[in-house]
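Quick look at input_36.pdb (PDB, C-alpha atoms and all ligand atoms):
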ATOM      1  CA  MET M 461       1.940 -27.199  17.717
ATOM      2  CA  ALA M 462       2.293 -26.572  13.993
ATOM      3  CA  GLY M 463      -0.807 -26.663  11.790
ATOM      4  CA  LYS M 464      -1.211 -26.961   8.044
ATOM      5  CA  CYS M 465      -1.317 -24.071   5.568
ATOM      6  CA  PRO M 466      -5.147 -23.836   5.297
ATOM      7  CA  ASP M 467      -5.322 -23.370   9.072
ATOM      8  CA  TYR M 468      -3.459 -20.104   8.730
ATOM      9  CA  ILE M 469      -4.862 -18.475   5.641
ATOM     10  CA  ASN M 470      -7.641 -16.663   7.478
ATOM     11  CA  ASP M 471      -5.266 -15.413  10.145
ATOM     12  CA  LEU M 472      -2.768 -14.057   7.645
ATOM     13  CA  SER M 473      -4.796 -10.902   7.198
ATOM     14  CA  ASP M 474      -4.585 -10.083  10.903
ATOM     15  CA  TYR M 475      -0.996 -11.222  10.988
ATOM     16  CA  LEU M 476      -0.097  -8.845   8.146
ATOM     17  CA  ASP M 477      -1.841  -6.001   9.959
ATOM     18  CA  GLY M 478      -0.080  -6.861  13.186
ATOM     19  CA  GLY M 479      -3.351  -7.751  14.833
ATOM     20  CA  VAL M 480      -2.793 -11.284  16.164
ATOM     21  CA  SER M 481      -2.103 -12.367  19.719
ATOM     22  CA  PRO M 482       1.555 -13.004  20.610
ATOM     23  CA  GLU M 483       0.764 -16.737  20.835
ATOM     24  CA  LEU M 484      -0.757 -16.936  17.372
ATOM     25  CA  CYS M 485       1.969 -14.721  15.973
ATOM     26  CA  ALA M 486       4.612 -17.104  17.307
ATOM     27  CA  GLU M 487       2.726 -20.073  15.889
ATOM     28  CA  ILE M 488       2.377 -18.473  12.461
ATOM     29  CA  GLU M 489       6.026 -17.515  12.426
ATOM     30  CA  ALA M 490       7.060 -21.010  13.393
ATOM     31  CA  HIS M 491       5.029 -22.289  10.448
ATOM     32  CA  LEU M 492       6.514 -19.660   8.128
ATOM     33  CA  GLY M 493       9.950 -20.826   9.181
ATOM     34  CA  GLU M 494       9.323 -24.254   7.785
ATOM     35  CA  CYS M 495       6.836 -23.594   4.970
ATOM     36  CA  ARG M 496       8.066 -21.973   1.777
ATOM     37  CA  GLU M 497       4.553 -21.672   0.289
ATOM     38  CA  CYS M 498       3.256 -19.653   3.209
ATOM     39  CA  ARG M 499       6.356 -17.478   3.170
ATOM     40  CA  ILE M 500       5.767 -16.646  -0.474
ATOM     41  CA  MET M 501       2.085 -16.071   0.265
ATOM     42  CA  VAL M 502       2.917 -13.590   3.011
ATOM     43  CA  ASP M 503       5.597 -11.843   0.937
ATOM     44  CA  THR M 504       3.413 -11.489  -2.135
ATOM     45  CA  LEU M 505       0.400 -10.340  -0.114
ATOM     46  CA  ARG M 506       2.647  -7.689   1.389
ATOM     47  CA  GLN M 507       4.029  -6.729  -2.027
ATOM     48  CA  THR M 508       0.509  -6.479  -3.433
ATOM     49  CA  VAL M 509      -0.270  -3.707  -0.995
ATOM     50  CA  THR M 510       3.096  -1.966  -1.334
ATOM     51  CA  LEU M 511       2.725  -1.865  -5.110
ATOM     52  CA  CYS M 512      -0.780  -0.422  -4.959
ATOM     53  CA  ARG M 513       0.153   2.159  -2.382
ATOM     54  CA  ALA M 514       2.999   3.824  -4.227
ATOM     55  CA  GLY M 515       2.236   7.062  -6.064
ATOM     56  CA  ALA M 516      -1.484   7.063  -5.486
ATOM     57  CA  GLU M 517      -2.123  10.750  -5.950
ATOM     58  CA  GLU M 518      -2.134  12.281  -9.397
ATOM     59  CA  PRO M 519      -2.349  15.913 -10.460
ATOM     60  CA  LEU M 520      -5.431  17.069 -12.295
ATOM     61  CA  PRO M 521      -5.104  17.556 -16.051
ATOM     62  CA  GLN M 522      -4.825  21.283 -16.793
ATOM     63  CA  ALA M 523      -7.881  21.226 -19.073
ATOM     64  CA  LEU M 524      -9.974  19.769 -16.269
ATOM     65  CA  GLU M 525      -8.576  22.319 -13.842
ATOM     66  CA  ASN M 526      -9.698  25.160 -16.118
ATOM     67  CA  LYS M 527     -13.084  23.657 -16.845
ATOM     68  CA  LEU M 528     -13.786  23.112 -13.163
ATOM     69  CA  LYS M 529     -12.810  26.640 -12.250
ATOM     70  CA  SER M 530     -15.437  28.245 -14.446
ATOM     71  CA  LEU M 531     -18.059  25.583 -13.798
ATOM     72  CA  LEU M 532     -17.822  25.921 -10.025
ATOM     73  CA  ARG M 533     -17.804  29.688 -10.205
ATOM     74  CA  GLN M 534     -20.983  29.622 -12.313
ATOM     75  CA  ARG M 535     -22.778  27.277  -9.976
ATOM     76  CA  TRP M 536     -21.649  29.317  -6.998
ATOM     77  CA  GLU M 537     -22.924  32.580  -8.407
ATOM     78  CA  LYS M 538     -26.224  30.993  -9.296
ATOM     79  CA  LYS M 539     -26.644  29.704  -5.765
ATOM     80  CA  PHE M 540     -25.626  32.808  -3.870
ATOM     81  CA  SER M 541     -27.213  35.419  -6.105
ATOM     82  CA  LYS M 542     -30.648  34.092  -5.221
TER
ATOM     83  CA  MET H 168      -9.830  34.695  -8.653
ATOM     84  CA  LYS H 169      -6.899  32.335  -8.479
ATOM     85  CA  PHE H 170      -7.198  28.832  -7.156
ATOM     86  CA  CYS H 171      -4.912  28.999  -4.205
ATOM     87  CA  ASN H 172      -2.082  26.534  -4.520
ATOM     88  CA  LEU H 173      -0.142  27.831  -1.571
ATOM     89  CA  LEU H 174      -2.173  25.785   0.802
ATOM     90  CA  ASN H 175      -0.225  22.654   1.383
ATOM     91  CA  HIS H 176      -2.383  19.613   1.792
ATOM     92  CA  PHE H 177      -0.621  18.309   4.864
ATOM     93  CA  ASP H 178      -0.385  21.606   6.670
ATOM     94  CA  TYR H 179      -3.997  21.939   5.854
ATOM     95  CA  ILE H 180      -5.064  18.681   7.435
ATOM     96  CA  GLY H 181      -3.250  19.682  10.591
ATOM     97  CA  ASP H 182      -5.221  22.883  10.718
ATOM     98  CA  ARG H 183      -8.860  22.184  11.409
ATOM     99  CA  MET H 184      -9.363  25.650  12.876
ATOM    100  CA  ASN H 185      -8.394  27.148   9.576
ATOM    101  CA  GLU H 186     -10.755  24.724   7.855
ATOM    102  CA  LYS H 187     -13.651  25.668  10.125
ATOM    103  CA  GLU H 188     -13.047  29.292   9.311
ATOM    104  CA  LEU H 189     -12.963  28.574   5.577
ATOM    105  CA  VAL H 190     -16.155  26.550   5.814
ATOM    106  CA  ARG H 191     -17.868  29.339   7.721
ATOM    107  CA  LYS H 192     -16.829  31.851   5.069
ATOM    108  CA  ALA H 193     -17.850  29.542   2.237
ATOM    109  CA  GLN H 194     -21.234  28.957   3.807
ATOM    110  CA  SER H 195     -21.834  32.670   3.853
ATOM    111  CA  GLY H 196     -21.046  32.908   0.147
ATOM    112  CA  ASP H 197     -17.278  33.430  -0.085
ATOM    113  CA  PHE H 198     -16.208  31.596  -3.244
ATOM    114  CA  ASP H 199     -12.476  32.027  -2.585
ATOM    115  CA  ALA H 200     -12.844  30.204   0.707
ATOM    116  CA  PHE H 201     -14.658  27.371  -1.054
ATOM    117  CA  ALA H 202     -11.953  27.263  -3.722
ATOM    118  CA  LYS H 203      -9.311  26.850  -1.030
ATOM    119  CA  LEU H 204     -11.218  23.952   0.469
ATOM    120  CA  VAL H 205     -11.465  22.407  -2.984
ATOM    121  CA  ASP H 206      -7.779  22.929  -3.722
ATOM    122  CA  ALA H 207      -6.808  21.121  -0.586
ATOM    123  CA  ASN H 208      -8.823  18.057  -1.555
ATOM    124  CA  LYS H 209      -9.256  17.846  -5.309
ATOM    125  CA  GLU H 210      -6.257  15.672  -6.110
ATOM    126  CA  ARG H 211      -7.167  13.161  -3.490
ATOM    127  CA  ILE H 212     -10.734  13.038  -4.754
ATOM    128  CA  TYR H 213      -9.604  12.693  -8.354
ATOM    129  CA  SER H 214      -7.200   9.864  -7.517
ATOM    130  CA  LEU H 215      -9.915   8.109  -5.600
ATOM    131  CA  ALA H 216     -12.336   8.473  -8.499
ATOM    132  CA  ARG H 217      -9.743   7.165 -10.946
ATOM    133  CA  LYS H 218      -9.111   4.079  -8.863
ATOM    134  CA  MET H 219     -12.813   3.484  -8.365
ATOM    135  CA  THR H 220     -13.820   3.875 -11.996
ATOM    136  CA  GLY H 221     -10.657   2.719 -13.733
ATOM    137  CA  ASN H 222     -10.715   5.494 -16.310
ATOM    138  CA  ASP H 223     -10.016   9.207 -16.636
ATOM    139  CA  GLN H 224     -13.309  10.279 -18.175
ATOM    140  CA  ASP H 225     -15.509   8.785 -15.471
ATOM    141  CA  ALA H 226     -13.132  10.119 -12.834
ATOM    142  CA  GLU H 227     -13.446  13.640 -14.222
ATOM    143  CA  ASP H 228     -17.223  13.377 -14.273
ATOM    144  CA  ILE H 229     -17.321  12.171 -10.699
ATOM    145  CA  LEU H 230     -14.949  14.863  -9.447
ATOM    146  CA  GLN H 231     -17.004  17.517 -11.185
ATOM    147  CA  GLU H 232     -20.280  16.172  -9.841
ATOM    148  CA  THR H 233     -18.821  15.886  -6.332
ATOM    149  CA  LEU H 234     -17.825  19.544  -6.288
ATOM    150  CA  LEU H 235     -21.105  20.742  -7.762
ATOM    151  CA  ARG H 236     -23.006  18.793  -5.130
ATOM    152  CA  ALA H 237     -20.744  20.239  -2.480
ATOM    153  CA  ILE H 238     -21.816  23.712  -3.597
ATOM    154  CA  ASP H 239     -25.488  22.742  -3.596
ATOM    155  CA  LYS H 240     -25.293  21.200  -0.148
ATOM    156  CA  ILE H 241     -22.709  23.336   1.549
ATOM    157  CA  ASP H 242     -25.289  24.638   4.034
ATOM    158  CA  GLN H 243     -25.841  21.057   5.172
ATOM    159  CA  PHE H 244     -22.203  20.496   6.057
ATOM    160  CA  ARG H 245     -22.084  20.448   9.859
ATOM    161  CA  GLY H 246     -18.384  19.974  10.477
ATOM    162  CA  ASP H 247     -18.745  16.659  12.331
ATOM    163  CA  ALA H 248     -16.126  15.213  10.003
ATOM    164  CA  SER H 249     -13.490  17.145   8.078
ATOM    165  CA  PHE H 250     -14.501  18.820   4.853
ATOM    166  CA  GLY H 251     -12.253  16.371   2.990
ATOM    167  CA  THR H 252     -14.096  13.407   4.478
ATOM    168  CA  TRP H 253     -17.394  14.965   3.558
ATOM    169  CA  LEU H 254     -16.295  15.375  -0.080
ATOM    170  CA  TYR H 255     -14.928  11.877   0.038
ATOM    171  CA  THR H 256     -18.279  10.478   1.061
ATOM    172  CA  ILE H 257     -20.015  12.285  -1.785
ATOM    173  CA  THR H 258     -17.469  10.855  -4.251
ATOM    174  CA  LEU H 259     -17.951   7.343  -2.950
ATOM    175  CA  ASN H 260     -21.712   7.597  -3.184
ATOM    176  CA  LEU H 261     -21.480   8.810  -6.761
ATOM    177  CA  ALA H 262     -19.061   6.065  -7.762
ATOM    178  CA  ARG H 263     -21.232   3.451  -6.091
ATOM    179  CA  ALA H 264     -24.357   4.759  -7.804
ATOM    180  CA  GLN H 265     -22.613   4.562 -11.145
ATOM    181  CA  PHE H 266     -21.711   0.937 -10.593
ATOM    182  CA  ALA H 267     -25.069   0.010  -9.170
ATOM    183  CA  LYS H 268     -26.466   0.542 -12.664
ATOM    184  CA  LYS H 269     -24.071  -1.944 -14.180
ATOM    185  CA  LYS H 270     -24.277  -5.648 -13.761
ATOM    186  CA  GLN H 271     -21.703  -6.683 -11.200
ATOM    187  CA  THR H 272     -19.957  -9.980 -11.070
ATOM    188  CA  ASP H 273     -18.989 -11.273  -7.660
ATOM    189  CA  LEU H 274     -15.586 -12.596  -6.744
ATOM    190  CA  GLN H 275     -14.960 -16.289  -7.215
ATOM    191  CA  PRO H 276     -15.036 -18.421  -4.091
ATOM    192  CA  LEU H 277     -12.024 -17.752  -1.917
ATOM    193  CA  GLU H 278     -10.403 -21.046  -2.856
ATOM    194  CA  ASP H 279     -10.078 -19.922  -6.464
ATOM    195  CA  TYR H 280      -7.568 -17.294  -5.413
ATOM    196  CA  LEU H 281      -5.548 -19.705  -3.356
ATOM    197  CA  PRO H 282      -2.913 -22.114  -4.503
ATOM    198  CA  GLY H 283      -3.748 -25.758  -3.819
ATOM    199  CA  THR H 284      -1.625 -25.748  -0.692
ATOM    200  CA  PHE H 285      -4.108 -23.500   1.059
ATOM    201  CA  VAL H 286      -7.272 -25.289   0.155
ATOM    202  CA  ASN H 287      -8.720 -27.924   2.474
ATOM    203  CA  GLY H 288      -6.441 -30.824   3.072
ATOM    204  CA  GLY H 289      -3.383 -28.763   2.334
ATOM    205  CA  HIS H 290      -1.934 -31.095  -0.254
ATOM    206  CA  HIS H 291      -0.165 -29.794  -3.336
ATOM    207  CA  HIS H 292      -1.998 -29.853  -6.626
ATOM    208  CA  GLU H 293      -0.294 -30.186  -9.946
ATOM    209  CA  GLY H 294       0.917 -26.786 -11.135
ATOM    210  CA  SER H 295      -0.362 -24.963  -8.097
ATOM    211  CA  ALA H 296       3.045 -24.011  -6.719
ATOM    212  CA  LEU H 297       3.243 -20.400  -5.679
ATOM    213  CA  PHE H 298       5.046 -18.008  -7.958
ATOM    214  CA  ASP H 299       7.423 -15.787  -6.020
ATOM    215  CA  TRP H 300       7.601 -12.482  -7.834
ATOM    216  CA  LYS H 301      10.183 -10.856  -5.583
ATOM    217  CA  ASP H 302      10.445  -7.177  -6.547
ATOM    218  CA  PRO H 303       8.539  -6.478  -9.796
ATOM    219  CA  HIS H 304      10.286  -3.099 -10.083
ATOM    220  CA  LYS H 305      13.339  -5.046 -11.175
ATOM    221  CA  LEU H 306      11.365  -6.707 -13.939
ATOM    222  CA  MET H 307       9.535  -3.856 -15.596
ATOM    223  CA  GLU H 308       9.232  -0.128 -16.006
ATOM    224  CA  SER H 309       7.248   1.700 -13.336
ATOM    225  CA  GLU H 310       4.754   2.897 -15.893
ATOM    226  CA  GLN H 311       4.027  -0.589 -17.149
ATOM    227  CA  LEU H 312       3.726  -1.774 -13.575
ATOM    228  CA  ARG H 313       1.311   1.030 -12.779
ATOM    229  CA  ASP H 314      -0.868   0.083 -15.738
ATOM    230  CA  ILE H 315      -0.954  -3.542 -14.623
ATOM    231  CA  ILE H 316      -1.938  -2.523 -11.099
ATOM    232  CA  ASP H 317      -4.613  -0.063 -12.217
ATOM    233  CA  LYS H 318      -6.065  -2.619 -14.581
ATOM    234  CA  SER H 319      -6.126  -5.313 -11.895
ATOM    235  CA  ILE H 320      -7.832  -2.983  -9.420
ATOM    236  CA  SER H 321     -10.414  -1.990 -12.018
ATOM    237  CA  GLU H 322     -11.233  -5.658 -12.599
ATOM    238  CA  LEU H 323     -12.224  -6.262  -8.985
ATOM    239  CA  PRO H 324     -15.991  -6.321  -8.449
ATOM    240  CA  TYR H 325     -17.009  -2.918  -7.178
ATOM    241  CA  LYS H 326     -17.662  -3.699  -3.543
ATOM    242  CA  TYR H 327     -14.247  -5.318  -3.218
ATOM    243  CA  ARG H 328     -12.503  -2.632  -5.192
ATOM    244  CA  GLU H 329     -13.971   0.016  -2.923
ATOM    245  CA  ALA H 330     -12.841  -1.747   0.244
ATOM    246  CA  PHE H 331      -9.394  -2.470  -1.173
ATOM    247  CA  VAL H 332      -8.764   1.042  -2.453
ATOM    248  CA  LEU H 333      -9.905   2.744   0.729
ATOM    249  CA  ARG H 334      -7.844   0.478   2.943
ATOM    250  CA  PHE H 335      -4.642   0.101   0.965
ATOM    251  CA  VAL H 336      -4.424   2.890  -1.571
ATOM    252  CA  GLU H 337      -5.954   5.563   0.643
ATOM    253  CA  GLU H 338      -4.557   3.904   3.758
ATOM    254  CA  LEU H 339      -7.642   4.366   5.910
ATOM    255  CA  SER H 340      -8.189   2.222   8.986
ATOM    256  CA  VAL H 341     -10.603  -0.716   8.850
ATOM    257  CA  LYS H 342     -12.921   1.270  11.098
ATOM    258  CA  GLU H 343     -12.943   4.258   8.748
ATOM    259  CA  VAL H 344     -13.497   2.044   5.718
ATOM    260  CA  ALA H 345     -16.391   0.304   7.481
ATOM    261  CA  ARG H 346     -18.014   3.637   8.224
ATOM    262  CA  LEU H 347     -17.602   4.872   4.647
ATOM    263  CA  ILE H 348     -18.976   1.751   3.001
ATOM    264  CA  GLN H 349     -21.626   1.291   5.694
ATOM    265  CA  GLN H 350     -20.732  -2.253   6.638
ATOM    266  CA  SER H 351     -19.833  -3.882   9.916
ATOM    267  CA  GLU H 352     -16.141  -4.007  10.745
ATOM    268  CA  ALA H 353     -16.176  -7.799  10.474
ATOM    269  CA  SER H 354     -17.637  -7.836   6.981
ATOM    270  CA  THR H 355     -15.388  -4.951   5.955
ATOM    271  CA  LYS H 356     -12.336  -6.868   7.123
ATOM    272  CA  SER H 357     -13.405  -9.934   5.231
ATOM    273  CA  ARG H 358     -14.037  -7.926   2.069
ATOM    274  CA  ILE H 359     -10.651  -6.283   2.341
ATOM    275  CA  PHE H 360      -8.895  -9.587   2.769
ATOM    276  CA  ARG H 361     -10.717 -11.295  -0.065
ATOM    277  CA  ALA H 362      -9.899  -8.360  -2.311
ATOM    278  CA  ARG H 363      -6.269  -8.548  -1.259
ATOM    279  CA  LEU H 364      -6.123 -12.258  -2.048
ATOM    280  CA  ALA H 365      -7.773 -11.692  -5.412
ATOM    281  CA  MET H 366      -5.382  -8.852  -6.232
ATOM    282  CA  ARG H 367      -2.408 -10.972  -5.237
ATOM    283  CA  ASP H 368      -3.660 -13.740  -7.460
ATOM    284  CA  LYS H 369      -4.228 -11.436 -10.438
ATOM    285  CA  LEU H 370      -0.810  -9.823 -10.131
ATOM    286  CA  SER H 371       0.812 -13.174  -9.620
ATOM    287  CA  LYS H 372      -0.661 -14.492 -12.862
ATOM    288  CA  VAL H 373       0.381 -11.435 -14.831
ATOM    289  CA  PHE H 374       3.930 -11.512 -13.475
ATOM    290  CA  GLU H 375       4.245 -15.235 -13.978
ATOM    291  CA  ASN H 376       2.988 -14.972 -17.563
ATOM    292  CA  GLU H 377       5.309 -12.145 -18.431
ATOM    293  CA  TYR H 378       8.338 -12.970 -16.381
ATOM    294  CA  GLY H 379       8.006 -16.500 -15.144
ATOM    295  CA  GLY H 380      10.957 -17.589 -17.225
ATOM    296  CA  LYS H 381      13.266 -14.958 -15.847
ATOM    297  CA  VAL H 382      12.685 -15.400 -12.140
ATOM    298  CA  SER H 383      13.558 -18.463 -10.212
TER
HETATM  299 ZN    ZN L   1       2.210 -23.246   4.969
END

Can the structure from this file be put into structure tokens for me?
Amino acid sequence: MAGKCPDYINDLSDYLDGGVSPELCAEIEAHLGECRECRIMVDTLRQTVTLCRAGAEEPLPQALENKLKSLLRQRWEKKFSK
Amino acid sequence: MKFCNLLNHFDYIGDRMNEKELVRKAQSGDFDAFAKLVDANKERIYSLARKMTGNDQDAEDILQETLLRAIDKIDQFRGDASFGTWLYTITLNLARAQFAKKKQTDLQPLEDYLPGTFVNGGHHHEGSALFDWKDPHKLMESEQLRDIIDKSISELPYKYREAFVLRFVEELSVKEVARLIQQSEASTKSRIFRARLAMRDKLSKVFENEYGGKVS
């Protein structure tokens, strides 16, 4: 039995993570087949995560790298010379 | 002393024995061992701090403070979690403390991030049709896109930003996120989803504003 869009919104999270029962999954997919709005919702929610995921790690600026090196060394020597 | 760059992050994660040995050496005062542990984790910590604070200066401060605290407390590290996770937790606590001082706005009610179709009743409202942004990489330069994403993340209220970043940028499991932010799995899941909806909504508005005319 097909429900309306608001019935699915809270399940979309689990659906996107692959965490819904086969029954609910089939029901959601049946709804997606006939509802453009929900299809766009699912696609753009997926895209949101894909976009944020890409290229997350960044190298440290060289100046920071140098500053840290001496700062950590100092703190280390202070701690272990006691 | 040279910071050792030979140690590849991924090889490193796969080698907890090596890590245990480095920790043991560091705890007995070997700075080079500590530096290797830092090298294996610093970029991840810095990226995390950048996402959490939304700017380079705060991220640098937090990275620095994380590593100094790690030195101060290295004797307390028991090896229950990996050294990276331990550093991670320190970073998160520092970022959270920084934001605790500032006044935090909450997210709007869920409905505000949903097009009319998804709000009770399910009927369409005027102008509420969903904007389908397809692949934004086709619409703008990666750098511009990155700026838009970073800005949108930094606009999320802190508790949502934290959950979102850990789950989707750092790709941790819901369980791991829940442990790090000290919430139940249920409330963590709900935070993550609300943040995801809010992010989708923010990005959607930006893309529609900038490129609405070009996509159909
Ligand atoms: Zn629908």

Inset, instruction - Quick one: apply the PyMOL selection byres (((chain M and resi 520) around 12) and not hetatm) to the file and drop the selected residues here as a list in words. - result: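 Checking the PyMOL selection byres (((chain M and resi 520) around 12) and not hetatm) against this file, the residues are Glu517, Glu518, Pro519, Pro521, Gln522, Ala523, Leu524, Glu525, Asn526, Lys527 and Leu528 of chain M; Asp206, Asn208, Lys209, Glu210, Arg211, Ile212, Tyr213, Ser214, Ala216, Arg217, Asp223, Gln224, Ala226, Glu227, Leu230 and Gln231 of chain H.
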
Legend entry - Residue contacts of range 492-501 of chain M (7 Å, all atoms listed in the file) excluding same-chain residues fewer than 5 positions away, as an MDAnalysis selection string: (chainID M and resid 465) or (chainID H and resid 297 299)

Inset, instruction - Tell me which of H:Arg363, H:Val373, H:Pro282, H:Val205 sits closest to ligand ZN 1 (chain L), counting all atoms listed in the file. - result: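 The shortest atom-to-atom distance to ligand ZN 1 (chain L) comes from H:Pro282.
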
Legend entry - Neighbours of point (-1.3, -13.7, 11.8) within 10 Å, using all atoms listed in the file, written as a ChimeraX atom specification: /M:468-489,502

Legend entry - Neighbour list for Phe374 in chain H as a count of residues only, cut-off 9 Å, only C-alpha atoms, skip fewer than 3 positions in-chain: 10

Inset, instruction - Enter the distance from CA of Glu337 in chain H to CA of Arg513 in chain M, in Å, rounded to one decimal. - result: 7.6 Å

Legend entry - Nearest-residue call for Lys218 in chain H, choices H:Gln350, H:Thr258, H:Gln311, H:Gln275, using all atoms listed in the file: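 So, comparing all the options, the nearest one is H:Thr258.
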
Inset, instruction - Would you kindly translate the PyMOL selection byres (((chain M and resi 532) around 12) and not hetatm) into the concrete residues it picks from this file, as a PyMOL selection string? - result: (chain M and resi 524-531+533-539) or (chain H and resi 168+170+198-199+201-202+205+230-239)

Inset, instruction - Rank H:Ala248, H:Val286, H:Ala353, H:Ile257 by their smallest atom-to-atom distance to ligand ZN 1 (chain L), using only C-alpha atoms and all ligand atoms, and report the top residue only. - result: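 Of H:Ala248, H:Val286, H:Ala353, H:Ile257, the one nearest ligand ZN 1 (chain L) is H:Val286, counting only C-alpha atoms and all ligand atoms.
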
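Of the listed residues H:His304, H:Ser354, H:Gly283, H:Tyr327, the one whose atoms come nearest to ligand ZN 1 (chain L) is H:Gly283, with distances taken using all atoms listed in the file.
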
Please put the answer as JSON: centre and edge lengths, in Å with one decimal, of a box along x, y and z that encloses all listed atoms of range 307-315 of chain H plus 8 Å on each side.
{"center_x": 4.3, "center_y": -0.5, "center_z": -15.0, "size_x": 26.5, "size_y": 22.8, "size_z": 20.4}

Legend entry - Pairwise distance for CA of Ala330 in chain H and CA of Arg358 in chain H, rounded to one decimal in Å: 6.6 Å

Legend entry - Interatomic distance (Å, one decimal) between CA of Leu204 in chain H and CA of Glu186 in chain H: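 For CA of Leu204 in chain H relative to CA of Glu186 in chain H, the distance reads 7.4 Å.
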
Inset, instruction - Go through M:Leu511, M:Ala490, M:Arg506, M:Phe540 one by one, measure the shortest atom-to-atom distance of each to ligand ZN 1 (chain L) using all atoms listed in the file, and give the residue with the smallest value. - result: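 Of the candidates, the smallest distance to ligand ZN 1 (chain L) is held by M:Ala490.
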
Evaluating the PyMOL selection byres (((chain H and resi 324) around 12) and not hetatm) on the displayed file yields which residues, as a PDB file with C-alpha atoms, in the frame of the given file?
ATOM      1  CA  MET H 219     -12.813   3.484  -8.365  1.00  0.00           C
ATOM      2  CA  THR H 220     -13.820   3.875 -11.996  1.00  0.00           C
ATOM      3  CA  GLY H 221     -10.657   2.719 -13.733  1.00  0.00           C
ATOM      4  CA  ARG H 263     -21.232   3.451  -6.091  1.00  0.00           C
ATOM      5  CA  PHE H 266     -21.711   0.937 -10.593  1.00  0.00           C
ATOM      6  CA  ALA H 267     -25.069   0.010  -9.170  1.00  0.00           C
ATOM      7  CA  LYS H 269     -24.071  -1.944 -14.180  1.00  0.00           C
ATOM      8  CA  LYS H 270     -24.277  -5.648 -13.761  1.00  0.00           C
ATOM      9  CA  GLN H 271     -21.703  -6.683 -11.200  1.00  0.00           C
ATOM     10  CA  THR H 272     -19.957  -9.980 -11.070  1.00  0.00           C
ATOM     11  CA  ASP H 273     -18.989 -11.273  -7.660  1.00  0.00           C
ATOM     12  CA  LEU H 274     -15.586 -12.596  -6.744  1.00  0.00           C
ATOM     13  CA  GLN H 275     -14.960 -16.289  -7.215  1.00  0.00           C
ATOM     14  CA  SER H 319      -6.126  -5.313 -11.895  1.00  0.00           C
ATOM     15  CA  ILE H 320      -7.832  -2.983  -9.420  1.00  0.00           C
ATOM     16  CA  SER H 321     -10.414  -1.990 -12.018  1.00  0.00           C
ATOM     17  CA  GLU H 322     -11.233  -5.658 -12.599  1.00  0.00           C
ATOM     18  CA  LEU H 323     -12.224  -6.262  -8.985  1.00  0.00           C
ATOM     19  CA  TYR H 325     -17.009  -2.918  -7.178  1.00  0.00           C
ATOM     20  CA  LYS H 326     -17.662  -3.699  -3.543  1.00  0.00           C
ATOM     21  CA  TYR H 327     -14.247  -5.318  -3.218  1.00  0.00           C
ATOM     22  CA  ARG H 328     -12.503  -2.632  -5.192  1.00  0.00           C
ATOM     23  CA  GLU H 329     -13.971   0.016  -2.923  1.00  0.00           C
ATOM     24  CA  ALA H 330     -12.841  -1.747   0.244  1.00  0.00           C
ATOM     25  CA  PHE H 331      -9.394  -2.470  -1.173  1.00  0.00           C
ATOM     26  CA  VAL H 332      -8.764   1.042  -2.453  1.00  0.00           C
ATOM     27  CA  ARG H 358     -14.037  -7.926   2.069  1.00  0.00           C
ATOM     28  CA  ARG H 361     -10.717 -11.295  -0.065  1.00  0.00           C
ATOM     29  CA  ALA H 362      -9.899  -8.360  -2.311  1.00  0.00           C
ATOM     30  CA  ALA H 365      -7.773 -11.692  -5.412  1.00  0.00           C
ATOM     31  CA  MET H 366      -5.382  -8.852  -6.232  1.00  0.00           C
TER      32      MET H 366
END

Legend entry - Polymer residues at most 12 Å from (-19.7, 1.5, 6.6) by all atoms listed in the file, as number ranges by chain: H: 256, 259-260, 326, 329-330, 333, 340-356, 358

For range 198-204 of chain H, which lacks atoms in the input, supply N, CA, C and O atoms and format the output as a compact mmCIF listing (two decimals), in the coordinates of the input.
# COMPACT_ATOMS: atom_id res chain seq x y z
N PHE H 198 -16.66 32.61 -2.29
CA PHE H 198 -16.21 31.60 -3.24
C PHE H 198 -14.73 31.26 -3.06
O PHE H 198 -14.33 30.10 -3.18
N ASP H 199 -13.91 32.29 -2.76
CA ASP H 199 -12.48 32.03 -2.58
C ASP H 199 -12.22 31.04 -1.45
O ASP H 199 -11.32 30.19 -1.55
N ALA H 200 -12.99 31.14 -0.41
CA ALA H 200 -12.84 30.20 0.71
C ALA H 200 -13.19 28.79 0.25
O ALA H 200 -12.48 27.83 0.56
N PHE H 201 -14.27 28.68 -0.52
CA PHE H 201 -14.66 27.37 -1.05
C PHE H 201 -13.56 26.82 -1.96
O PHE H 201 -13.21 25.64 -1.88
N ALA H 202 -13.01 27.69 -2.80
CA ALA H 202 -11.95 27.26 -3.72
C ALA H 202 -10.74 26.73 -2.97
O ALA H 202 -10.10 25.78 -3.41
N LYS H 203 -10.43 27.34 -1.83
CA LYS H 203 -9.31 26.85 -1.03
C LYS H 203 -9.61 25.46 -0.47
O LYS H 203 -8.74 24.59 -0.44
N LEU H 204 -10.82 25.27 -0.04
CA LEU H 204 -11.22 23.95 0.47
C LEU H 204 -11.13 22.91 -0.64
O LEU H 204 -10.69 21.78 -0.43
